[in-house]
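Notes to accompany the following structure.
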Amino acid sequence: MYTFIKSIIHRIFPQWLIMKAEYMLRFLYSFFFRGTAVKCVVCNASLSRFIELPSGDLLCPRCGSLPRHRRLWMLLHEYDFLNNSIRILHFSPSRILRKKMQQLVPASYITTDYDPEAYTDKHYDITHIFEPPESFELIICFHILEHITDDAKAIHELYRIAKKGAIVWIQTPFKEGDIYEDARITNPAERLLHFGQEDHIRIYSVEGLSKRIQEAGFEVNILQFSDDKSLGLKEEIILRCVRPK
Ligand SMILES: [Zn+2]
């Protein structure tokens, strides 16, 4: 139902209007999810349930957050990163997290997306980031590297702009075993078949990506999280990469 209503709205109204009215539309739609069975930690809404998307992800009807956004929001609080003395660079943030972060830490939070039409502060190519060395205490890089052909260069750039002692949180889809990549597979349909999405270049394994990140100079901790249905969280892995002091 949610996907159907969303597709109708996108067919009728222009994108700029949808962006402007998104929070109001979600607020009205969440009326049908009144309840106390689950809670979204991003918008603090108590709900009867989350919306299950075709991908299996649980979407908050009130704010549009997904499990990985809710996990990230919890991590930002847990590690006390939400103050204006910490410079944060966030690659391709979700709209709701960008809005919340801009309200909380407006002076130190920079967003970036490669897509020139994305509503972010910058539009950096992750392999050529126009920032001076040692610029950030925290870099959030979720679901980016699997799109990047020269991922070694991207990781090197992350290392260059991270301050000594800074943390880079990295997440991608993972598989068991070795990294699966094949430079001969360039057709979108074939990429979907082999890598799970039309614009994915590879599928990492936790060990394989950790090794590539360590080769750039980072120390890597593998953070493993369990699911929590009442908070709409799922099992996931985030790589906590620290640039040594
Ligand atoms: Zn929410």
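Chain labels run A, B, ... following the order of the structure tokens; each chain numbers its residues from 1, and ligands are numbered from 1 in the order shown.
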
| said: List the spatial neighbours of stretch 115-128 of chain A as a list in words - criterion: any atom at most 8 Å away, only C-alpha atoms, same-chain residues fewer than 4 positions off excluded. | reply: Ser92, Ile110, Thr111, Asp150, Asp151, Lys153, Ala154, Ile155, Glu157 and Leu158 of chain A

How would the residues just picked look written out with C-alpha atoms as a tab-separated table (two decimals), in the first residue's frame?
chain	number	residue	atom	x	y	z
A	92	SER	CA	24.66	10.66	0.96
A	110	ILE	CA	28.69	18.92	6.22
A	111	THR	CA	26.73	16.73	3.83
A	150	ASP	CA	38.63	2.86	-7.60
A	151	ASP	CA	37.70	2.09	-4.01
A	153	LYS	CA	41.63	5.73	-3.94
A	154	ALA	CA	38.37	6.55	-2.14
A	155	ILE	CA	39.59	4.92	1.08
A	157	GLU	CA	40.97	10.06	0.43
A	158	LEU	CA	38.95	9.22	3.56

| When the cut-off is 8 Å and you count only C-alpha atoms and all ligand atoms, which residues lie near ligand 1, shown as a VMD selection string? | chain A and resid 39 to 45 59 to 65

Those residues with N, CA and C atoms, as a PDB file, in the first residue's frame please?
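Wrote again-v6.pdb, looks like this:
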ATOM      1  N   LYS A  39       8.666   1.605  18.401  1.00  0.00           N
ATOM      2  CA  LYS A  39       9.035   3.015  18.536  1.00  0.00           C
ATOM      3  C   LYS A  39      10.187   3.349  17.595  1.00  0.00           C
ATOM      4  N   CYS A  40      10.105   4.498  16.938  1.00  0.00           N
ATOM      5  CA  CYS A  40      11.198   4.958  16.072  1.00  0.00           C
ATOM      6  C   CYS A  40      12.092   5.880  16.897  1.00  0.00           C
ATOM      7  N   VAL A  41      13.380   5.537  16.988  1.00  0.00           N
ATOM      8  CA  VAL A  41      14.294   6.341  17.812  1.00  0.00           C
ATOM      9  C   VAL A  41      14.672   7.657  17.137  1.00  0.00           C
ATOM     10  N   VAL A  42      14.433   7.758  15.826  1.00  0.00           N
ATOM     11  CA  VAL A  42      14.804   9.003  15.126  1.00  0.00           C
ATOM     12  C   VAL A  42      13.767  10.094  15.371  1.00  0.00           C
ATOM     13  N   CYS A  43      12.483   9.762  15.175  1.00  0.00           N
ATOM     14  CA  CYS A  43      11.446  10.792  15.324  1.00  0.00           C
ATOM     15  C   CYS A  43      10.666  10.639  16.632  1.00  0.00           C
ATOM     16  N   ASN A  44      11.004   9.586  17.419  1.00  0.00           N
ATOM     17  CA  ASN A  44      10.353   9.321  18.718  1.00  0.00           C
ATOM     18  C   ASN A  44       8.876   8.959  18.598  1.00  0.00           C
ATOM     19  N   ALA A  45       8.428   8.585  17.397  1.00  0.00           N
ATOM     20  CA  ALA A  45       7.018   8.210  17.234  1.00  0.00           C
ATOM     21  C   ALA A  45       6.769   6.812  17.795  1.00  0.00           C
ATOM     22  N   LEU A  59      10.378   0.532   7.365  1.00  0.00           N
ATOM     23  CA  LEU A  59      10.372   1.984   7.198  1.00  0.00           C
ATOM     24  C   LEU A  59       9.450   2.635   8.221  1.00  0.00           C
ATOM     25  N   CYS A  60       9.899   3.717   8.826  1.00  0.00           N
ATOM     26  CA  CYS A  60       9.050   4.449   9.765  1.00  0.00           C
ATOM     27  C   CYS A  60       8.054   5.302   8.973  1.00  0.00           C
ATOM     28  N   PRO A  61       6.740   5.103   9.176  1.00  0.00           N
ATOM     29  CA  PRO A  61       5.772   5.886   8.403  1.00  0.00           C
ATOM     30  C   PRO A  61       5.819   7.373   8.735  1.00  0.00           C
ATOM     31  N   ARG A  62       6.316   7.716   9.929  1.00  0.00           N
ATOM     32  CA  ARG A  62       6.325   9.121  10.340  1.00  0.00           C
ATOM     33  C   ARG A  62       7.501   9.892   9.722  1.00  0.00           C
ATOM     34  N   CYS A  63       8.714   9.308   9.792  1.00  0.00           N
ATOM     35  CA  CYS A  63       9.881  10.091   9.349  1.00  0.00           C
ATOM     36  C   CYS A  63      10.596   9.499   8.135  1.00  0.00           C
ATOM     37  N   GLY A  64      10.233   8.285   7.736  1.00  0.00           N
ATOM     38  CA  GLY A  64      10.863   7.683   6.555  1.00  0.00           C
ATOM     39  C   GLY A  64      12.205   7.017   6.838  1.00  0.00           C
ATOM     40  N   SER A  65      12.578   6.889   8.113  1.00  0.00           N
ATOM     41  CA  SER A  65      13.880   6.278   8.416  1.00  0.00           C
ATOM     42  C   SER A  65      13.842   4.776   8.186  1.00  0.00           C
TER      43      SER A  65
END

| Hey, which of A:Arg87, A:Arg191, A:Lys229, A:His156 ends up closest to A:Arg212? Count only C-alpha atoms. |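 Among the listed residues, the smallest separation from A:Arg212 belongs to A:His156.
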
| query | stretch 92-221 of chain A: which residues are helix (DSSP H, G or I) by DSSP, as an MDAnalysis selection string? | reply | chainID A and resid 95:104 145:147 151:161 188:195 206:215

Suppose we keep C-alpha atoms; can you now write the selection as a PDB file, in the first residue's frame?
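Saved as selection-v9.pdb:
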ATOM      1  CA  ARG A  95      16.698  13.308   4.338  1.00  0.00           C
ATOM      2  CA  ILE A  96      15.505  12.782   7.902  1.00  0.00           C
ATOM      3  CA  LEU A  97      19.002  12.391   9.399  1.00  0.00           C
ATOM      4  CA  ARG A  98      20.293  15.379   7.453  1.00  0.00           C
ATOM      5  CA  LYS A  99      17.438  17.489   8.801  1.00  0.00           C
ATOM      6  CA  LYS A 100      17.945  16.330  12.405  1.00  0.00           C
ATOM      7  CA  MET A 101      21.722  16.814  12.273  1.00  0.00           C
ATOM      8  CA  GLN A 102      21.431  20.245  10.683  1.00  0.00           C
ATOM      9  CA  GLN A 103      19.184  21.266  13.560  1.00  0.00           C
ATOM     10  CA  LEU A 104      21.464  19.818  16.250  1.00  0.00           C
ATOM     11  CA  LEU A 145      32.113   2.199  -1.621  1.00  0.00           C
ATOM     12  CA  GLU A 146      30.249  -0.565  -3.452  1.00  0.00           C
ATOM     13  CA  HIS A 147      29.466   2.055  -6.150  1.00  0.00           C
ATOM     14  CA  ASP A 151      37.701   2.093  -4.011  1.00  0.00           C
ATOM     15  CA  ALA A 152      41.366   2.069  -2.885  1.00  0.00           C
ATOM     16  CA  LYS A 153      41.634   5.727  -3.940  1.00  0.00           C
ATOM     17  CA  ALA A 154      38.369   6.549  -2.145  1.00  0.00           C
ATOM     18  CA  ILE A 155      39.594   4.918   1.079  1.00  0.00           C
ATOM     19  CA  HIS A 156      42.911   6.785   0.750  1.00  0.00           C
ATOM     20  CA  GLU A 157      40.965  10.061   0.430  1.00  0.00           C
ATOM     21  CA  LEU A 158      38.950   9.218   3.564  1.00  0.00           C
ATOM     22  CA  TYR A 159      42.240   8.635   5.388  1.00  0.00           C
ATOM     23  CA  ARG A 160      43.690  11.924   4.107  1.00  0.00           C
ATOM     24  CA  ILE A 161      40.781  14.106   5.279  1.00  0.00           C
ATOM     25  CA  PRO A 188      23.399  -2.496 -15.450  1.00  0.00           C
ATOM     26  CA  ALA A 189      21.289  -5.649 -15.901  1.00  0.00           C
ATOM     27  CA  GLU A 190      24.336  -7.858 -15.362  1.00  0.00           C
ATOM     28  CA  ARG A 191      25.417  -5.819 -12.348  1.00  0.00           C
ATOM     29  CA  LEU A 192      21.968  -6.310 -10.847  1.00  0.00           C
ATOM     30  CA  LEU A 193      22.294 -10.032 -11.405  1.00  0.00           C
ATOM     31  CA  HIS A 194      25.849 -10.342 -10.076  1.00  0.00           C
ATOM     32  CA  PHE A 195      26.107  -7.589  -7.438  1.00  0.00           C
ATOM     33  CA  VAL A 206      33.693  -8.019   5.912  1.00  0.00           C
ATOM     34  CA  GLU A 207      37.215  -9.438   5.940  1.00  0.00           C
ATOM     35  CA  GLY A 208      37.993  -8.278   2.394  1.00  0.00           C
ATOM     36  CA  LEU A 209      36.872  -4.696   2.939  1.00  0.00           C
ATOM     37  CA  SER A 210      38.558  -4.539   6.366  1.00  0.00           C
ATOM     38  CA  LYS A 211      41.829  -5.572   4.711  1.00  0.00           C
ATOM     39  CA  ARG A 212      41.543  -2.858   2.042  1.00  0.00           C
ATOM     40  CA  ILE A 213      40.823  -0.248   4.720  1.00  0.00           C
ATOM     41  CA  GLN A 214      43.758  -1.427   6.857  1.00  0.00           C
ATOM     42  CA  GLU A 215      46.040  -1.193   3.817  1.00  0.00           C
TER      43      GLU A 215
END

| Counting only C-alpha atoms, the residue of A:Ile51, A:Ala162, A:Ile201, A:Ile167 that sits nearest A:Ile179 |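 Residue with the minimum atom-to-atom distance to A:Ile179: A:Ile201.
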
| task | Check stretch 4-101 of chain A with DSSP on the backbone and list each residue it calls strand (DSSP E), as an MDAnalysis selection string. | result | chainID A and resid 34:39 46:47 51:52 58:59 88:91

Put those residues in a file: N, CA and C atoms, as a PDB file, in the first residue's frame.
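That gives us part.pdb:
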ATOM      1  N   ARG A  34      -1.141   4.498  14.325  1.00  0.00           N
ATOM      2  CA  ARG A  34      -1.153   4.839  15.749  1.00  0.00           C
ATOM      3  C   ARG A  34      -1.059   3.573  16.597  1.00  0.00           C
ATOM      4  N   GLY A  35      -0.274   3.626  17.653  1.00  0.00           N
ATOM      5  CA  GLY A  35      -0.135   2.450  18.515  1.00  0.00           C
ATOM      6  C   GLY A  35       1.095   2.570  19.381  1.00  0.00           C
ATOM      7  N   THR A  36       1.390   1.504  20.106  1.00  0.00           N
ATOM      8  CA  THR A  36       2.528   1.550  21.030  1.00  0.00           C
ATOM      9  C   THR A  36       3.414   0.308  20.906  1.00  0.00           C
ATOM     10  N   ALA A  37       3.199  -0.488  19.868  1.00  0.00           N
ATOM     11  CA  ALA A  37       3.952  -1.746  19.759  1.00  0.00           C
ATOM     12  C   ALA A  37       5.422  -1.514  19.425  1.00  0.00           C
ATOM     13  N   VAL A  38       5.704  -0.497  18.646  1.00  0.00           N
ATOM     14  CA  VAL A  38       7.095  -0.216  18.245  1.00  0.00           C
ATOM     15  C   VAL A  38       7.363   1.277  18.398  1.00  0.00           C
ATOM     16  N   LYS A  39       8.666   1.605  18.401  1.00  0.00           N
ATOM     17  CA  LYS A  39       9.035   3.015  18.536  1.00  0.00           C
ATOM     18  C   LYS A  39      10.187   3.349  17.595  1.00  0.00           C
ATOM     19  N   SER A  46       5.687   6.662  18.563  1.00  0.00           N
ATOM     20  CA  SER A  46       5.206   5.331  18.956  1.00  0.00           C
ATOM     21  C   SER A  46       4.202   4.897  17.908  1.00  0.00           C
ATOM     22  N   LEU A  47       4.311   3.646  17.459  1.00  0.00           N
ATOM     23  CA  LEU A  47       3.541   3.194  16.298  1.00  0.00           C
ATOM     24  C   LEU A  47       3.004   1.790  16.519  1.00  0.00           C
ATOM     25  N   ILE A  51       6.479  -0.013   8.412  1.00  0.00           N
ATOM     26  CA  ILE A  51       6.059  -0.479   7.085  1.00  0.00           C
ATOM     27  C   ILE A  51       7.141  -1.403   6.542  1.00  0.00           C
ATOM     28  N   GLU A  52       6.748  -2.619   6.157  1.00  0.00           N
ATOM     29  CA  GLU A  52       7.735  -3.533   5.585  1.00  0.00           C
ATOM     30  C   GLU A  52       7.815  -3.307   4.082  1.00  0.00           C
ATOM     31  N   LEU A  58      12.427  -2.156   7.239  1.00  0.00           N
ATOM     32  CA  LEU A  58      11.296  -1.603   7.985  1.00  0.00           C
ATOM     33  C   LEU A  58      11.373  -0.082   7.979  1.00  0.00           C
ATOM     34  N   LEU A  59      10.378   0.532   7.365  1.00  0.00           N
ATOM     35  CA  LEU A  59      10.372   1.984   7.198  1.00  0.00           C
ATOM     36  C   LEU A  59       9.450   2.635   8.221  1.00  0.00           C
ATOM     37  N   ILE A  88      31.936  16.911  11.194  1.00  0.00           N
ATOM     38  CA  ILE A  88      31.400  15.664  10.641  1.00  0.00           C
ATOM     39  C   ILE A  88      31.185  15.831   9.142  1.00  0.00           C
ATOM     40  N   LEU A  89      31.631  14.854   8.366  1.00  0.00           N
ATOM     41  CA  LEU A  89      31.302  14.793   6.937  1.00  0.00           C
ATOM     42  C   LEU A  89      30.424  13.562   6.719  1.00  0.00           C
ATOM     43  N   HIS A  90      29.262  13.768   6.117  1.00  0.00           N
ATOM     44  CA  HIS A  90      28.280  12.687   5.951  1.00  0.00           C
ATOM     45  C   HIS A  90      28.011  12.488   4.461  1.00  0.00           C
ATOM     46  N   PHE A  91      28.384  11.320   3.945  1.00  0.00           N
ATOM     47  CA  PHE A  91      28.137  10.998   2.530  1.00  0.00           C
ATOM     48  C   PHE A  91      26.696  10.516   2.348  1.00  0.00           C
TER      49      PHE A  91
END

| said: List as a list in words the protein and nucleic acid residues near A:Arg71, meaning an atom at most 9 Å away when only C-alpha atoms are counted, but skip any in the same chain fewer than 3 places from it. | reply: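 With the cut-off at 9 Å, the set is Val41, Leu66, Pro67, Arg68, Met74, Leu75, Leu76, Phe225, Leu233 and Lys234 of chain A.
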
| field | Computed interatomic separation between atom CA of A:Met24 and atom CA of A:Pro106 (Å) | value |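 Spanning atom CA of A:Met24 to atom CA of A:Pro106 is a straight-line distance of 22.9 Å.
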
| message | Show me, as JSON, numbers by chain, the residues that have an atom within 8 Å of A:Glu235 when counting only C-alpha atoms, minus same-chain residues fewer than 6 positions from it. | response | {"A": [224, 225, 226, 227]}
